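Everything below concerns the one structure shown next.
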Amino acid sequence: MTSHVHSQCPYCGVGCGLELLPPAAKGRATLRDHQGTPVWGARGDRGHPSSLGQVCIKGATVAQTLGNGRLSQPLYRPQLGQPLEPITWDEAFTILLQRIRSTMAGKGPQALAMYGSGQFHCEDYYLAQKLFKGALGTNNFDANSRLCMSSAVAGYTRSLGSDGPPCCYEDLDQCDLALLIGANMADCHPVLFQRLIKRHRKRRYKKNLQIVVVDPRQTDTSKAADLHLAIRPGTDLALLHGIGHLLLRQAALDFDFIEGCTEGFFAYARLLQEWTPTRVAAICGISSKDLRLVTRIWARSQSALSLWSMGVNQSVEGTATVSGLINLHLLTGQIGRPGAGPFSLTGQPNAMGGREAGGLAHLLPGYRHVGNPQHRSDVEAIWKLGPIAAEPGLSAWQQIEAMESGALDLWWVAATNPLVSMPHLERVKAAMASCPLVVVSEAYANTETSRWAHLVLPAAQWSEKDGVMVNSERRVTFCPGFRQAPGEARADWQVFAELGRRLGFVEQFSYESAAEVYGEMVSLSAGRVCDTSGLSHELLRQEGPQQWPFPAGALPNQDSRGLYCNGIFPTPTGRARFMADQPHGLAEPTNRAFPLVLTTGRYLGHWHTMTRTGQLERLRRMHPEPLLEVNPVDATSAGLVDGAFAIIRSRRGQATARVALRDQIRPGTVFLPMHWGASQKQPCAVNELMHALGCPISQQPELKAAAVQLASVP
Ligand code: SF4
């Protein structure tokens with residue numbers, strides 16, 4: 001009889017351990033999917049060190065979503081507007097090869113691009129890099145992680161010298177201050193939030209743990225906080241400078257750490273002079289009393305942990321804000337010891353693994369950069385595919401602009417649904433319509449994006465292929481295939497390897513298994529910050545999840561909890577850097593015509609664009625429709641009443657949603673969830689409204705804020 005299987009949840013970046021129970025397991029009522037096939041059960045894996053048996057509703061129901069609405073064979077149409085017709089894989093590869101060759105002969109490899117996903121396993125991510133950056137000769141690979149955490153990558157790199165969160169989940173058990181900024185953990189990282197809250201609720205610990213939440217909106221996260229700072233959207237960096245100003249003025253600094261382990265202090269201290277409490281309070285829309293209070297809490301803390309997510313990253317000053325937060329840790333020596341540090345929570349289950357595989361347009365495997373000649377030659381030596389281009393490829397939004405200008409002839413989307421998740425959706429749609437060949441690799445049929453594709457390739461998803469994922473605390477989990485993929489669906493890494501072989505690189509892409517692919521990927525991490533060269537499928541299968549760094553020869557379950565514990569950072573001088581960035585606020589400020597800031601976010605029961613969670617009646621019932629959260633003051637001005645429908649207009653488009661009056665959202669700000677796209681029963685494609693301007697350093701679009709107006713629906 002098939003036994004229980006251990007894996008990592010394929011939804012959010014918490015990366016909880018799951019125990020999957022076969023359909024015939026004793027004591028299980030047999031649930032069936034839409035095809036009548038019995039489904040596996042799922043429960044928290046008590047043996048997984050990241051989650052200790054805890055799981056949220058998405059993880060607990062994931063197995064019920066896997067068989068429904070699947071794509072099972074390749075489909076093709078020469079022109080949009082024609083019906084997609086079934087073809088064989090051989091025909092699909094022939095089309096791909098012909099179009100790749102003709103594009104390369106005409107415009108060169110820069111006219112090819114792939115837009116991948118944090119849903120990829122490491123093996124998929126890695127071979128996509130080898131195919132594009134190696135075999136095809138273009139760095140035009142980017143991923144939806146660009147929309148999620150590229151500001152965290154850039155912020156860590158410029159402030160600490162390398163990407164890589166220095167913290168781990170045990171820090172939540174040891175900190176005496178948890179500062180949550182731009183992170184609605186209760187809905188987006190629920191298992192981690194429960195871990196923090198359980199400790200906070202226990203009376204004997206309460207005095208030892210203060211929770212401060214920075215968010216313009218009251219959420220279940222902020223309700224649990226000791227202090228909620230409902231700042232104006234786009235003023236996070238000003239707030240952080242205000243705290244820095246007061247810490248400096250009170251001399252609440254770790255002088256030894258600043259002197260021994262950092263550089264750039266004086267330029268930063270000069271900048272802080274300007275950010276007086278009165279000025280900061282006025283800009284952020286909070287009282288100077290609260291600003292002083294949060295500073296006092298930070299100054300008294302023995303172990304300050306900051307946690308952030310997309311509320312910080314999705315901003316035109318996302319990278320500067322990440323650095324602004326790290327500045328506070330450097331100022332007070334709150335890094336490199338238990339319970340302290342700047343901790344970026346990733347959105348997706350394997351966004352971390354993607355970073356390690358080099359899965360952004362400027363990266364190479366092992367946290368390397370395409371602009372660094374030594375880094376390129378390290379990778380070229382392993383790949384044996386010739387020189388890698390020195391210029392960064394097109395980032396996510398640059399790929400859209402390249403389609404608009406006619407510079408891109410082949411756009412390949414894999415494991416993501418950009419026609420819901422990208423900003424300014426009408427532009428994305430028009431760009432796709434103008435691209436000569438759009439390829440979509442997808443597990444589910446009929447997504448918003450595949451409706452605009454010429455070639456649709458059926459993908460095997462998590463549970464149907466062996467692979468590895470890495471969660472927010474650098475924990476690496478082997479995720480075995482334990483179900484049959486439907487019809488002719490194939491793992492993405494197999495498709496990339498087959499294409500590589502058909503392009504003539506037979507030896508370089510002759511992998512027999514995902515384990516072989518992973519072995520090559522980790523060999524490229526040796527000696528790097530993200531060293532996983534001691535890991536293999538075999539070791540992870542036998543020893544369970546492991547945290548990196550895990551160099552060759554390391555023993556399983558060693559203590560790898562914190563990075564930079566010796567105060568040495570991977571910069572040329574070994575010192576962490578203070579960054580002195582001036583805040584500028586939102587890219588699209590409000591005005592008389594568009595007087596409100598629309599901010600967006602997530603619901604607990606849904607995942608991204610609902611291709612998976614939307615398959616389940618129970619989750620659809622939990623959140624039947626998107627609600628527009630409006631403060632009663634703004635609702636009155638716009639003539640809106642609770643429960644009626646409103647039209648939300650920006651400079652780019654409009655959406656309709658039911659009004660939910662909320663005293664707790666700050667006046668001037670309204671909220672919509674991002675999950676619903678055009679395919680839903682009640683469509684409300686919020687990203688139609690959002691602009692595409694992004695952080696100049698990380699290229700991450702400001703998906704968290706756009707200026708809008710409201711009107712009632714007659
Ligand atoms: S918290 Fe995230 S990783 Fe954990 S079960 Fe829920 S969705 Fe999955």
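Ordered as shown in the structure tokens, chains take letters A, B, and onward, while each chain numbers its residues from 1 and ligands are numbered from 1 in the order shown.
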Determine, using only C-alpha atoms, which residues of stretch 269-326 of chain A have any atom at most 10 Å from an atom of stretch 222-227 of chain A, and tabulate each with its shortest atom pair and distance in Å to one decimal place, rows ordered by chain and then rising number, as JSON lines.
```
{"residue": "A:Asp290", "atom": "CA", "partner": "A:Leu227", "partner_atom": "CA", "distance": 8.2}
{"residue": "A:Leu293", "atom": "CA", "partner": "A:Leu227", "partner_atom": "CA", "distance": 8.7}
{"residue": "A:Val294", "atom": "CA", "partner": "A:Leu227", "partner_atom": "CA", "distance": 7.8}
{"residue": "A:Ile297", "atom": "CA", "partner": "A:Leu227", "partner_atom": "CA", "distance": 10.0}
```
Those selected residues, please, written with N, CA and C atoms and delivered as a JSON list (two decimals), in the first residue's frame.
```json
[["chain", "number", "residue", "atom", "x", "y", "z"],
["A", 290, "ASP", "N", 3.27, 58.71, 18.86],
["A", 290, "ASP", "CA", 3.42, 57.32, 18.42],
["A", 290, "ASP", "C", 4.80, 57.07, 17.81],
["A", 293, "LEU", "N", 7.02, 56.65, 20.62],
["A", 293, "LEU", "CA", 6.76, 55.37, 21.30],
["A", 293, "LEU", "C", 7.43, 54.21, 20.57],
["A", 294, "VAL", "N", 7.26, 54.16, 19.24],
["A", 294, "VAL", "CA", 7.87, 53.04, 18.51],
["A", 294, "VAL", "C", 9.40, 53.11, 18.62],
["A", 297, "ILE", "N", 10.36, 51.74, 21.98],
["A", 297, "ILE", "CA", 10.27, 50.27, 22.01],
["A", 297, "ILE", "C", 11.49, 49.66, 21.32]]
```
*Using only C-alpha atoms, which residues sit within 7 Å of A:Cys479 once same-chain residues fewer than 4 positions away are excluded, as a PyMOL selection string?*
chain A and resi 7-8+466-468
If DSSP is run on the backbone, what residues of stretch 419-517 of chain A are strand (DSSP E or B)? A reply as a PDB file with N, CA and C atoms, in the first residue's frame would be ideal.
```
ATOM      1  N   LEU A 437       4.476  35.178 -31.256  1.00  0.00           N
ATOM      2  CA  LEU A 437       4.231  33.860 -30.648  1.00  0.00           C
ATOM      3  C   LEU A 437       4.241  33.986 -29.132  1.00  0.00           C
ATOM      4  N   VAL A 438       3.083  33.702 -28.520  1.00  0.00           N
ATOM      5  CA  VAL A 438       2.987  33.642 -27.055  1.00  0.00           C
ATOM      6  C   VAL A 438       2.810  32.178 -26.666  1.00  0.00           C
ATOM      7  N   VAL A 439       3.723  31.689 -25.841  1.00  0.00           N
ATOM      8  CA  VAL A 439       3.686  30.299 -25.375  1.00  0.00           C
ATOM      9  C   VAL A 439       3.322  30.333 -23.892  1.00  0.00           C
ATOM     10  N   VAL A 440       2.406  29.483 -23.476  1.00  0.00           N
ATOM     11  CA  VAL A 440       2.048  29.422 -22.053  1.00  0.00           C
ATOM     12  C   VAL A 440       2.170  27.980 -21.575  1.00  0.00           C
ATOM     13  N   SER A 441       3.039  27.751 -20.590  1.00  0.00           N
ATOM     14  CA  SER A 441       3.123  26.442 -19.930  1.00  0.00           C
ATOM     15  C   SER A 441       2.277  26.537 -18.670  1.00  0.00           C
ATOM     16  N   GLU A 442       1.282  25.692 -18.545  1.00  0.00           N
ATOM     17  CA  GLU A 442       0.291  25.857 -17.472  1.00  0.00           C
ATOM     18  C   GLU A 442      -0.248  24.498 -17.036  1.00  0.00           C
ATOM     19  N   TYR A 444      -3.276  24.378 -15.398  1.00  0.00           N
ATOM     20  CA  TYR A 444      -4.743  24.486 -15.429  1.00  0.00           C
ATOM     21  C   TYR A 444      -5.233  25.027 -16.778  1.00  0.00           C
ATOM     22  N   LEU A 455       0.418  28.963 -28.299  1.00  0.00           N
ATOM     23  CA  LEU A 455       0.840  27.589 -28.004  1.00  0.00           C
ATOM     24  C   LEU A 455       0.704  27.380 -26.494  1.00  0.00           C
ATOM     25  N   VAL A 456      -0.077  26.385 -26.103  1.00  0.00           N
ATOM     26  CA  VAL A 456      -0.301  26.120 -24.677  1.00  0.00           C
ATOM     27  C   VAL A 456       0.246  24.727 -24.362  1.00  0.00           C
ATOM     28  N   LEU A 457       1.139  24.662 -23.373  1.00  0.00           N
ATOM     29  CA  LEU A 457       1.806  23.401 -23.047  1.00  0.00           C
ATOM     30  C   LEU A 457       1.344  22.911 -21.680  1.00  0.00           C
ATOM     31  N   PRO A 458       0.860  21.664 -21.582  1.00  0.00           N
ATOM     32  CA  PRO A 458       0.335  21.175 -20.299  1.00  0.00           C
ATOM     33  C   PRO A 458       1.461  20.832 -19.336  1.00  0.00           C
ATOM     34  N   ALA A 459       1.412  21.390 -18.132  1.00  0.00           N
ATOM     35  CA  ALA A 459       2.508  21.218 -17.176  1.00  0.00           C
ATOM     36  C   ALA A 459       2.107  20.281 -16.045  1.00  0.00           C
ATOM     37  N   GLY A 467      11.065  17.309  -6.981  1.00  0.00           N
ATOM     38  CA  GLY A 467      11.750  18.601  -7.029  1.00  0.00           C
ATOM     39  C   GLY A 467      12.010  19.126  -5.634  1.00  0.00           C
ATOM     40  N   VAL A 468      12.654  20.282  -5.592  1.00  0.00           N
ATOM     41  CA  VAL A 468      13.067  20.870  -4.319  1.00  0.00           C
ATOM     42  C   VAL A 468      12.524  22.286  -4.231  1.00  0.00           C
ATOM     43  N   MET A 469      12.078  22.669  -3.038  1.00  0.00           N
ATOM     44  CA  MET A 469      11.677  24.063  -2.812  1.00  0.00           C
ATOM     45  C   MET A 469      12.376  24.594  -1.560  1.00  0.00           C
ATOM     46  N   VAL A 470      12.519  25.917  -1.501  1.00  0.00           N
ATOM     47  CA  VAL A 470      13.224  26.564  -0.394  1.00  0.00           C
ATOM     48  C   VAL A 470      12.297  27.637   0.182  1.00  0.00           C
ATOM     49  N   ARG A 475      15.051  27.097   4.358  1.00  0.00           N
ATOM     50  CA  ARG A 475      14.874  25.662   4.623  1.00  0.00           C
ATOM     51  C   ARG A 475      14.545  24.967   3.301  1.00  0.00           C
ATOM     52  N   VAL A 476      15.313  23.939   3.000  1.00  0.00           N
ATOM     53  CA  VAL A 476      15.202  23.243   1.715  1.00  0.00           C
ATOM     54  C   VAL A 476      14.425  21.940   1.927  1.00  0.00           C
ATOM     55  N   THR A 477      13.363  21.735   1.167  1.00  0.00           N
ATOM     56  CA  THR A 477      12.521  20.550   1.340  1.00  0.00           C
ATOM     57  C   THR A 477      12.405  19.803   0.016  1.00  0.00           C
ATOM     58  N   PHE A 478      12.599  18.499   0.069  1.00  0.00           N
ATOM     59  CA  PHE A 478      12.377  17.669  -1.119  1.00  0.00           C
ATOM     60  C   PHE A 478      10.878  17.423  -1.267  1.00  0.00           C
ATOM     61  N   CYS A 479      10.350  17.683  -2.454  1.00  0.00           N
ATOM     62  CA  CYS A 479       8.925  17.517  -2.726  1.00  0.00           C
ATOM     63  C   CYS A 479       8.774  16.404  -3.770  1.00  0.00           C
ATOM     64  N   ARG A 490       3.760  17.430 -18.718  1.00  0.00           N
ATOM     65  CA  ARG A 490       5.160  17.142 -18.416  1.00  0.00           C
ATOM     66  C   ARG A 490       5.718  18.179 -17.450  1.00  0.00           C
TER      67      ARG A 490
END
```
*Nearest to ligand 1: which of A:Leu325, A:Arg602, A:Gly108, A:Ser102 is it, counting only C-alpha atoms and all ligand atoms?*
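Answer, going by the shortest atom-to-atom distance: A:Arg602.
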_Residue among A:Arg666, A:Lys133, A:His606, A:Arg528 lying closest to ligand 1, counting only C-alpha atoms and all ligand atoms_ =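 Closest residue, counting only C-alpha atoms and all ligand atoms: A:His606.
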*asked:* as a ChimeraX atom specification, please: every protein or nucleic acid residue near ligand 1 (cut-off 9 Å, counting only C-alpha atoms and all ligand atoms).
replied: /A:8-18,43-44,51,54-60,62,187-193,347-349,471,604-607
Write the selection just made, keeping N, CA and C atoms, as a compact mmCIF listing (two decimals), in the first residue's frame?
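The result, written out as selection31.txt:
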```txt
# COMPACT_ATOMS: atom_id res chain seq x y z
N GLN A 8 6.54 19.93 0.95
CA GLN A 8 6.35 21.31 1.40
C GLN A 8 5.09 21.84 0.75
N CYS A 9 4.31 22.63 1.46
CA CYS A 9 3.11 23.24 0.89
C CYS A 9 3.49 24.10 -0.31
N PRO A 10 2.74 23.98 -1.42
CA PRO A 10 3.11 24.72 -2.63
C PRO A 10 2.47 26.10 -2.73
N TYR A 11 1.97 26.64 -1.62
CA TYR A 11 1.37 27.98 -1.70
C TYR A 11 2.37 29.05 -1.25
N CYS A 12 2.33 29.47 0.01
CA CYS A 12 3.09 30.70 0.33
C CYS A 12 4.52 30.41 0.78
N GLY A 13 5.28 31.48 0.98
CA GLY A 13 6.70 31.37 1.30
C GLY A 13 6.99 30.87 2.71
N VAL A 14 5.97 30.72 3.55
CA VAL A 14 6.22 30.11 4.86
C VAL A 14 6.79 28.71 4.64
N GLY A 15 6.26 28.01 3.62
CA GLY A 15 6.80 26.70 3.27
C GLY A 15 6.56 25.66 4.35
N CYS A 16 5.32 25.53 4.79
CA CYS A 16 5.01 24.54 5.83
C CYS A 16 5.22 23.13 5.32
N GLY A 17 5.55 22.24 6.24
CA GLY A 17 5.64 20.83 5.89
C GLY A 17 4.25 20.23 5.81
N LEU A 18 4.03 19.43 4.78
CA LEU A 18 2.75 18.73 4.63
C LEU A 18 2.98 17.23 4.68
N ARG A 43 -2.27 17.07 5.72
CA ARG A 43 -2.28 17.63 7.08
C ARG A 43 -0.87 18.12 7.40
N GLY A 44 -0.76 18.90 8.47
CA GLY A 44 0.54 19.43 8.85
C GLY A 44 1.51 18.31 9.21
N SER A 51 7.37 24.38 10.44
CA SER A 51 5.96 24.59 10.78
C SER A 51 5.47 23.71 11.92
N GLN A 54 1.85 22.59 11.97
CA GLN A 54 0.79 23.58 11.72
C GLN A 54 0.55 23.73 10.22
N VAL A 55 -0.66 24.11 9.88
CA VAL A 55 -1.00 24.29 8.48
C VAL A 55 -2.22 25.21 8.41
N CYS A 56 -2.37 25.97 7.35
CA CYS A 56 -3.56 26.82 7.23
C CYS A 56 -4.55 26.16 6.27
N ILE A 57 -5.66 26.84 6.04
CA ILE A 57 -6.72 26.20 5.23
C ILE A 57 -6.26 25.91 3.80
N LYS A 58 -5.37 26.74 3.26
CA LYS A 58 -4.93 26.49 1.88
C LYS A 58 -4.12 25.19 1.83
N GLY A 59 -3.18 25.06 2.75
CA GLY A 59 -2.36 23.85 2.77
C GLY A 59 -3.20 22.61 3.06
N ALA A 60 -4.17 22.75 3.97
CA ALA A 60 -4.97 21.59 4.36
C ALA A 60 -5.87 21.10 3.23
N VAL A 62 -5.08 21.61 -0.18
CA VAL A 62 -4.41 21.67 -1.48
C VAL A 62 -4.62 20.41 -2.31
N ASP A 187 -3.17 37.07 7.11
CA ASP A 187 -3.77 36.55 5.89
C ASP A 187 -2.75 35.94 4.94
N CYS A 188 -1.53 36.48 4.94
CA CYS A 188 -0.57 36.08 3.89
C CYS A 188 0.47 35.07 4.37
N HIS A 189 0.77 35.05 5.66
CA HIS A 189 1.73 34.07 6.20
C HIS A 189 1.13 33.53 7.50
N PRO A 190 -0.06 32.88 7.39
CA PRO A 190 -0.86 32.62 8.58
C PRO A 190 -0.20 31.71 9.61
N VAL A 191 0.53 30.71 9.19
CA VAL A 191 1.12 29.80 10.18
C VAL A 191 2.21 30.50 10.99
N LEU A 192 2.97 31.35 10.34
CA LEU A 192 3.98 32.13 11.07
C LEU A 192 3.32 33.09 12.04
N PHE A 193 2.23 33.71 11.57
CA PHE A 193 1.51 34.66 12.41
C PHE A 193 1.00 33.97 13.67
N GLY A 347 6.72 35.72 -0.81
CA GLY A 347 5.33 35.42 -1.11
C GLY A 347 5.14 33.98 -1.56
N GLN A 348 6.03 33.52 -2.41
CA GLN A 348 5.79 32.24 -3.09
C GLN A 348 6.59 31.10 -2.49
N PRO A 349 6.15 29.86 -2.77
CA PRO A 349 6.74 28.72 -2.07
C PRO A 349 8.21 28.50 -2.41
N ASN A 471 12.07 27.61 1.49
CA ASN A 471 11.14 28.58 2.07
C ASN A 471 11.87 29.82 2.60
N LEU A 604 -7.09 35.36 3.14
CA LEU A 604 -6.52 34.15 3.74
C LEU A 604 -6.74 32.89 2.89
N GLY A 605 -7.95 32.72 2.36
CA GLY A 605 -8.29 31.45 1.72
C GLY A 605 -7.91 31.34 0.26
N HIS A 606 -7.42 32.44 -0.35
CA HIS A 606 -7.08 32.35 -1.77
C HIS A 606 -5.60 32.54 -2.01
N TRP A 607 -5.19 31.99 -3.12
CA TRP A 607 -3.79 32.09 -3.50
C TRP A 607 -3.70 32.77 -4.85
```
*May I have the residues within 10 Å of A:Ala183 as an NGL selection string, using only C-alpha atoms and disregarding those fewer than 5 positions away in the same chain?*
:A and (188-189 or 213-215 or 221-222 or 307-313 or 344-345 or 601)
*Restricting the calculation to only C-alpha atoms, which member of A:Met104, A:Ile181, A:Ala252, A:Ile335 is positioned closest to A:Gly567?*
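Comparing A:Met104, A:Ile181, A:Ala252, A:Ile335 against A:Gly567, the winner is A:Ile335.
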_Contact residues around A:Pro277 with only C-alpha atoms at 8 Å, ignoring same-chain residues under 5 positions, as a list of chain:residue names_ = A:Gly242, A:His245, A:Leu246, A:Ser288, A:Leu291, A:Arg292
Quick one: write out the picked residues with C-alpha atoms as a PDB file, in the first residue's frame?
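And here's selection-v2.pdb as it stands now:
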```
ATOM      1  CA  GLY A 242      12.042  59.361  11.685  1.00  0.00           C
ATOM      2  CA  HIS A 245      16.521  60.379  13.737  1.00  0.00           C
ATOM      3  CA  LEU A 246      15.235  59.796  17.261  1.00  0.00           C
ATOM      4  CA  SER A 288       4.748  62.351  17.019  1.00  0.00           C
ATOM      5  CA  LEU A 291       6.656  57.932  16.554  1.00  0.00           C
ATOM      6  CA  ARG A 292       8.457  58.448  19.858  1.00  0.00           C
TER       7      ARG A 292
END
```
